[in-house]
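Participant: Take this structure first; my questions come after.
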2 protein chains.
Amino acid sequence: MSEGTGCYRREILFSTDFFEVVAIEWASESAIQPASQAMSPRHNHGWSQCLVLVQEGTFEDQLDLGMKKEIRILVKGEVLSTPIGARHEMKCKSQTGKTLHVYTPKIKELTEFNQFNSALEGRFKSDLALVGATDIDTLRNLLSHFKDLSVSTHSPYFMNQLFSGVLPQMLIAEEFIAQTKTTLATYEASPVLSAMESEVVSTLCEKIGWPTDPRCGISVPGGSAANFMAIHCARQKLLPQSKTKGAGEKVLKVFVSAEAHYSFKKACAVLGIGTDNMVGVAVDSRGRMDPQDLEAQILQCREQGALPLLVAATAGSTVLGAFDDIQSLSAICRKYELWLHVDGAWGGPVIFSQKHRHLVKGIELADSFTFDAHKLIGASLTSSYFLTQHTDILLESNDVSGGDYLFHSSNEATLDRGRLSWQCGRKGEAASFWTIWKSLGTEGIGQFVDRLVDLRDECMQWIQSQDRLQIVSQPEYLNLCVRVLPPNKKHDPNWSQHVREALKQKNLAFVNYSANSDGTFLRLILANPYLTFDHVKQILQWAIEVD
Amino acid sequence: MSEGTGCYRREILFSTDFFEVVAIEWASESAIQPASQAMSPRHNHGWSQCLVLVQEGTFEDQLDLGMKKEIRILVKGEVLSTPIGARHEMKCKSQTGKTLHVYTPKIKELTEFNQFNSALEGRFKSDLALVGATDIDTLRNLLSHFKDLSVSTHSPYFMNQLFSGVLPQMLIAEEFIAQTKTTLATYEASPVLSAMESEVVSTLCEKIGWPTDPRCGISVPGGSAANFMAIHCARQKLLPQSKTKGAGEKVLKVFVSAEAHYSFKKACAVLGIGTDNMVGVAVDSRGRMDPQDLEAQILQCREQGALPLLVAATAGSTVLGAFDDIQSLSAICRKYELWLHVDGAWGGPVIFSQKHRHLVKGIELADSFTFDAHKLIGASLTSSYFLTQHTDILLESNDVSGGDYLFHSSNEATLDRGRLSWQCGRKGEAASFWTIWKSLGTEGIGQFVDRLVDLRDECMQWIQSQDRLQIVSQPEYLNLCVRVLPPNKKHDPNWSQHVREALKQKNLAFVNYSANSDGTFLRLILANPYLTFDHVKQILQWAIEVD
């Protein structure tokens with residue numbers, strides 16, 4: 001922590017690795033400017049908790065939670081508790097002031113990309129080995145060391161996945177979930193967590209434009225699982241007897257675009273549909289499913305005697321961030337009686353944005369929706385939802401007999417969410433998204449989306465001014481796909497991959513890459529709540545400097 | 001916190017709701033007994049962290065982690081950090097001593113069974129609602145209130161599920177997992193967590209007697225998911241073409257006992273096998289699958305032209321804790337070429353016990369195994385593993401093309417565990433079991449199982465001395481099934497259910513019930529790491545007092 005402005009005197013009362021107690025005296029620099037001159041710098045505390053007791057004077061605290069800022073005035077006797085992972089700055093509003101600070105543990109700078117790798121793994125063989133007992137302090141030191149060696153996903157320079165950043169609200173929720181360890185199978189074992197999940201599901205459905213009913217959705221272990229569930233529910237609706245009799249000889253067909261997530265293929269293998277029965281539909285130059293090709297493929301399957309089951313549209317594809325045209329696809333699905341699923345694992349949060357909701361225009365026409373809160377919204381990994389407009393389909397698809405030891409008939413049994421799920425023991429993951437949503441409010445989530453889209457436009461403008469950088473596809477969302485030209489400015493299909501590996505090896509930034517027919521390109525994901533234009537510019541400047 | 005023995009003077013330096021700083025002076029009561037007389041009582045700190053700096057003197061600390069105790073000597077300048085959820089007691093070993101204590105937050109007694117319920121839910125409607133934004137302090141107060149209203153699964157009087165207690169090591173691991181938020185799909189995004197999962201899987205396989213290979217298992221979202229995976233892998237082995245072509249017209253049969261978990265039925269619905277094709281095999285009086293009936297059923301299915309696929313044995317059934325005879329079932333499976341799966345979600349930990357491993361004799365003959373670390377072993381919910389002796393089957397069953405954006409070819413790609421899984425984004429849950437295992441050591445886990453079995457025997461003896469209590473079935477494991485007779489001592493099939501509801505309504509204890517042909521009975525689960533004979537006796541005495 002660097003020094004602040006004004007007179008700011010720190011006295012360390014107790015200092016240990018596990019905690020530190022510090023007294024601070026604040027005074028303004030001159031009598032002419034008496035107020036709000038003594039100020040701590042905006043700082044984070046790494047993984048430490050910061051607690052401040054105001055002993056004298058009046059203070060203003062600005063808490064930066066990444067996705068929102070909160071300002072609070074504190075007077076004598078009041079206490080500030082800055083959550084782990086947050087940043088803040090304090091100002092003394094009075095002539096003088098005194099504060100007492102407790103940090104647990106002692107503040108330590110966060111490491112950035114000091115990574116563990118397979119070459120290193122051998123060195124930690126005995127640390128990783130599970131044989132003898134280990135005392136608690138040794139164990140915590142080991143975990144602390146492993147934390148330093150882990151990929152720094154908290155960093156704004158981490159853009160390798162569709163999530164980035166470790167949100168303070170997420171950490172608070174995780175503590176709540178861990179301390180109330182329970183299973184979401186029955187209401188009686190998880191009244192609060194079940195109510196939270198019901199609230200999240202109902203309110204999401206309301207945002208989509210569907211019945212506001214907690215049975216219209218369930219938390220599932222990841223976006224892939226939500227896509228699995230979509231095919232499962234679609235089959236239940238089309239062929240209800242398959243639940244008892246099995247898939248049978250009828251060949252079902254699942255239609256996805258070439259840019260769709262690979263989980264649909266896994267689902268076809270798992271559900272007994274067969275991966276050969278997943279039909280790839282052509283996409284346009286921006287990665288959006290071609291409705292004409294879809295219709296042609298459906299007709300062809302029907303001619304071959306197969307039964308078209310489901311179309312999976314993508315709202316925010318993994319590489320380009322493309323949004324399929326839901327309205328057009330819906331019209332085709334209605335015409336041929338197919339289930340329309342929309343995979344919004346990445347793009348789903350646009351439903352919160354007044355400005356960008358048009359990307360999923362017609363979403364209320366879909367039969368089901370995949371929504372992940374652990375990507376853009378920063379909830380705990382995983383915080384995924386399968387949502388559907390068909391109120392009874394989850395129960396019809398998933399409830400079986402034989403669970404009487406657990407699901408007792410009682411007044412509250414209709415609230416038992418386990419009957420809607422593939423899982424029995426199930427974590428109260430909904431508390432994570434619930435906490436973030438409660439913190440930001442519905443509008444606040446939308447504003448966060450808007451802020452990042454604005455940031456994207458700012459980045460785009462700068463990229464266009466750089467002759468070594470080429471935009472691969474006009475972005476619809478928060479994926480910036482950029483090709484880097486080598487120093488000689490000649491096209492090299494492998495150069496962007498080389499750049500990506502170099503940034504990673506140098507521990508500067510961790511971004512991903514992909515390829516099209518012209519070769520590899522960088523994929524930058526704008527998701528970190530503390531991300532600024534300077535971070536993105538810095539990554540791309542490093543990218544240009546790679547030789 | 002009550003006062004300790006000896007001279008023990010506390011001075012509160014700073015006291016707020018968020019933290020408390022306390023100075024303690026220690027002195028022995030008389031000069032005749034100079035050492036180790038001043039002692040804090042054995043106490044827990046609720047959900048607070050307790051940090052102690054030794055400023056003068058020498059101290060002995062006994063830390064009680066439930067599943068183990070650790071003793072440590074501390075001299076001047078050393079710091080003790082008692083993890084959240086643990087208990088400890090401190091003794092002053094020197095003539096006098098001085099310590100400084102920091103508690104975050106201020107210590108607050110844990111609530112026991114002050115429960116939320118559906119009647120209450122209405123009162124919290126606006127607290128639960130997701131509309132406007134909420135500042136962080138209000139949000140934390142709300143979560144703290146919700147924590148008090150949640151079911152107290154940390155309590156030794158909580159026995160409703162197959163888990164009980166909130167282990168300090170689990171909380172430490174959860175913090176680690178949350179702060180290193182990442183996905184287990186690729187090694188490059190999760191080097192440490194992937195290595196931990198590989199270590200847990202390999203070492204579990206070694207304990208079973210299988211190849212020590214990280215590809216022989218994967219963490220899955222719950223025991224149910226592991227059972228799903230067993231049927232999926234068995235089908236892949238028997239009919240490899242089903243992955244691409246679909247389940248087809250062949251009728252597959254899955255054999256489970258009447259006491260098996262209901263997840264097998266769900267799996268049959270999901271995988272396209274059909275619930276009608278799950279065959280229930282008879283059990284003996286102690287709930288164990290009858291091998292003769294199994295053989296008869298297999299033969300009958302073959303005669304009907306169906307294809308017997310898999311037998312699911314249970315190691316520790318949910319109600320009675322019964323263990324199927326793996327050796328006999330294995331012989332039948334080999335004779336008719338069926339996959340033998342063992343569902344050890346509850347009973348699996350006996351593989352760690354030298355004394356009780358005989359319950360799963362022949363486990364190395366099985367094809368696959370379900371192991372849950374979140375039940376008896378106290379890991380985070382869920383911490384489940386699907387394990388198999390067939391090194392390549394998980395990859396063969398689950399790897400599909402189309403994930404090139406994520407799974408890049410590199411030296412480390414063979415370490416990408418996502419290819420073995422149904423999930424793409426996947427939490428590093430293995431760190432939870434890894435942390436507990438590292439803390440206890442392999443023998444320590446076995447000793448924990450042994451201690452609870454000894455406790456069961458002590459309880460059994462006492463129950464047999466009570467004329468209002470009847471043992472329903474001689475327990476093989478940690479399920480105590482007890483029928484309570486009403487005050488008139490006449491058989492009443494509904495009395496035990498009535499007792500269970502009364503204990504719950506009175507917020508005394510939360511146990512579950514089940515029923516057989518003679519009516520309902522209580523099911524007590526011995527799993528809480530802080531459980532003693534007195535707790536069990538107390539619950540049963542309360543049960544007898546119900547009118």
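Letters A, B, ... go to the chains of the structure tokens in the order shown; residues in each chain start at 1; ligands are counted from 1 in the same order.
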I need the strand (DSSP E or B) residues of range 10-172 of chain B per DSSP on the backbone, written as an NGL selection string.

Facilitator: :B and (10-15 or 20-27 or 39 or 43-44 or 49-56 or 59-64 or 69-74 or 79-82 or 87-92 or 96-104 or 158-159)

Participant: Find the residue from A:Phe521, A:Trp434, A:Phe255, A:Phe228 that sits nearest to Glu197 in chain A; use only C-alpha atoms when measuring.

Facilitator: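 So, comparing all the options, the nearest one is A:Trp434.
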
Participant: Would you mind listing what lies within 9 Å of Phe146 in chain A as a list in words, with only C-alpha atoms counted and same-chain residues fewer than 5 positions away left out?

Facilitator: Phe116 and Asn141 of chain A; Phe176, Val192 and Leu193 of chain B

Participant: Kindly indicate which residue among A:Leu13, A:Lys237, A:Lys427, A:Leu394 lies nearest to Ala178 in chain A, using only C-alpha atoms for the distances.

Facilitator: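 Distance minimum relative to Ala178 in chain A lands on A:Lys427.
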
Participant: Which of these residues is nearest to Glu188 in chain B, using only C-alpha atoms: B:Asp17, B:Asp343, B:Glu501, B:Asp416?

Facilitator: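 The answer is B:Asp416, which sits nearest to Glu188 in chain B.
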
Participant: Which residue out of B:Pro41, B:Gly248, B:Gly316, B:Gly66 has the minimum interatomic distance to chain A when only C-alpha atoms are used?

Facilitator: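 Distance minimum relative to chain A lands on B:Gly248.
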
Participant: List the neighbours of Cys333 in chain B out to 12 Å using only C-alpha atoms; skip same-chain residues closer than 3 positions along the sequence, and give me the result as number ranges by chain.

Facilitator: B: 254-255, 291, 294-295, 298-299, 308-313, 326-330, 336-341, 365-367

Participant: Could you name the residues that touch Ile351 in chain A at 10 Å or less, counting only C-alpha atoms, but leaving out those on the same chain fewer than 5 positions away, as JSON, numbers by chain?

Facilitator: {"A": [204, 207, 208, 344, 356, 357, 358, 359, 360, 361, 363, 445, 446, 449]}

Participant: Residues within 12 Å of Gln461 in chain A, please, as an mmCIF file with N, CA and C atoms, in the first residue's frame. Count only C-alpha atoms; anything in the same chain fewer than 2 positions from it doesn't count.

Facilitator:
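Output (part-v2.cif):
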```cif
data_model
loop_
_atom_site.group_PDB
_atom_site.id
_atom_site.type_symbol
_atom_site.label_atom_id
_atom_site.label_comp_id
_atom_site.auth_asym_id
_atom_site.auth_seq_id
_atom_site.Cartn_x
_atom_site.Cartn_y
_atom_site.Cartn_z
ATOM 1 N N ASP A 454 -19.349 -0.589 -24.309
ATOM 2 C CA ASP A 454 -18.736 0.717 -24.603
ATOM 3 C C ASP A 454 -17.209 0.591 -24.639
ATOM 4 N N LEU A 455 -16.677 -0.152 -23.680
ATOM 5 C CA LEU A 455 -15.232 -0.383 -23.618
ATOM 6 C C LEU A 455 -14.753 -1.079 -24.896
ATOM 7 N N ARG A 456 -15.550 -2.038 -25.346
ATOM 8 C CA ARG A 456 -15.216 -2.743 -26.590
ATOM 9 C C ARG A 456 -15.098 -1.747 -27.752
ATOM 10 N N ASP A 457 -16.043 -0.818 -27.840
ATOM 11 C CA ASP A 457 -16.019 0.152 -28.946
ATOM 12 C C ASP A 457 -14.778 1.040 -28.886
ATOM 13 N N GLU A 458 -14.412 1.394 -27.664
ATOM 14 C CA GLU A 458 -13.210 2.196 -27.468
ATOM 15 C C GLU A 458 -11.972 1.413 -27.944
ATOM 16 N N CYS A 459 -11.942 0.126 -27.596
ATOM 17 C CA CYS A 459 -10.818 -0.734 -28.002
ATOM 18 C C CYS A 459 -10.785 -0.886 -29.522
ATOM 19 N N ILE A 463 -7.710 -0.259 -32.039
ATOM 20 C CA ILE A 463 -7.172 -1.365 -32.850
ATOM 21 C C ILE A 463 -7.113 -0.966 -34.318
ATOM 22 N N GLN A 464 -8.171 -0.263 -34.764
ATOM 23 C CA GLN A 464 -8.219 0.140 -36.172
ATOM 24 C C GLN A 464 -7.107 1.139 -36.533
ATOM 25 N N SER A 465 -6.557 1.775 -35.508
ATOM 26 C CA SER A 465 -5.479 2.739 -35.760
ATOM 27 C C SER A 465 -4.106 2.054 -35.813
ATOM 28 N N GLN A 466 -4.058 0.761 -35.545
ATOM 29 C CA GLN A 466 -2.788 0.034 -35.464
ATOM 30 C C GLN A 466 -2.575 -0.803 -36.724
ATOM 31 N N LEU A 469 -2.396 -4.754 -36.345
ATOM 32 C CA LEU A 469 -3.560 -5.461 -35.787
ATOM 33 C C LEU A 469 -4.724 -5.450 -36.771
ATOM 34 N N GLN A 470 -5.378 -6.598 -36.915
ATOM 35 C CA GLN A 470 -6.535 -6.693 -37.813
ATOM 36 C C GLN A 470 -7.731 -7.291 -37.073
ATOM 37 N N ILE A 471 -8.857 -6.621 -37.144
ATOM 38 C CA ILE A 471 -10.094 -7.173 -36.578
ATOM 39 C C ILE A 471 -10.538 -8.342 -37.475
ATOM 40 N N GLN A 474 -16.374 -8.222 -37.241
ATOM 41 C CA GLN A 474 -17.010 -7.120 -36.523
ATOM 42 C C GLN A 474 -17.718 -7.698 -35.292
ATOM 43 N N LEU A 480 -13.293 -9.875 -28.654
ATOM 44 C CA LEU A 480 -12.480 -9.098 -29.595
ATOM 45 C C LEU A 480 -11.528 -10.073 -30.273
ATOM 46 N N PHE A 533 -9.771 0.308 -20.482
ATOM 47 C CA PHE A 533 -9.190 0.405 -21.826
ATOM 48 C C PHE A 533 -7.679 0.192 -21.783
ATOM 49 N N LYS A 537 -5.351 -2.217 -24.156
ATOM 50 C CA LYS A 537 -4.299 -1.598 -24.967
ATOM 51 C C LYS A 537 -2.932 -2.177 -24.588
#
```

Participant: Write out as a VMD selection string which residues come within 8 Å of Cys216 in chain A when counting only C-alpha atoms, dropping same-chain ones fewer than 4 positions away.

Facilitator: chain A and resid 201 to 202 205 211 to 212 387 to 392 394

Participant: So, counting only C-alpha atoms, which residue among B:Gly321, B:Gly425, B:Gly287, B:Pro156 is closest to chain A?

Facilitator: B:Gly425

Participant: Rank A:Ala322, A:Val22, A:Leu130, A:Leu139 by their smallest atom-to-atom distance to Glu206 in chain B, using only C-alpha atoms, and report the top residue only.

Facilitator: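 Ranking A:Ala322, A:Val22, A:Leu130, A:Leu139 by distance to Glu206 in chain B, first place goes to A:Leu130.
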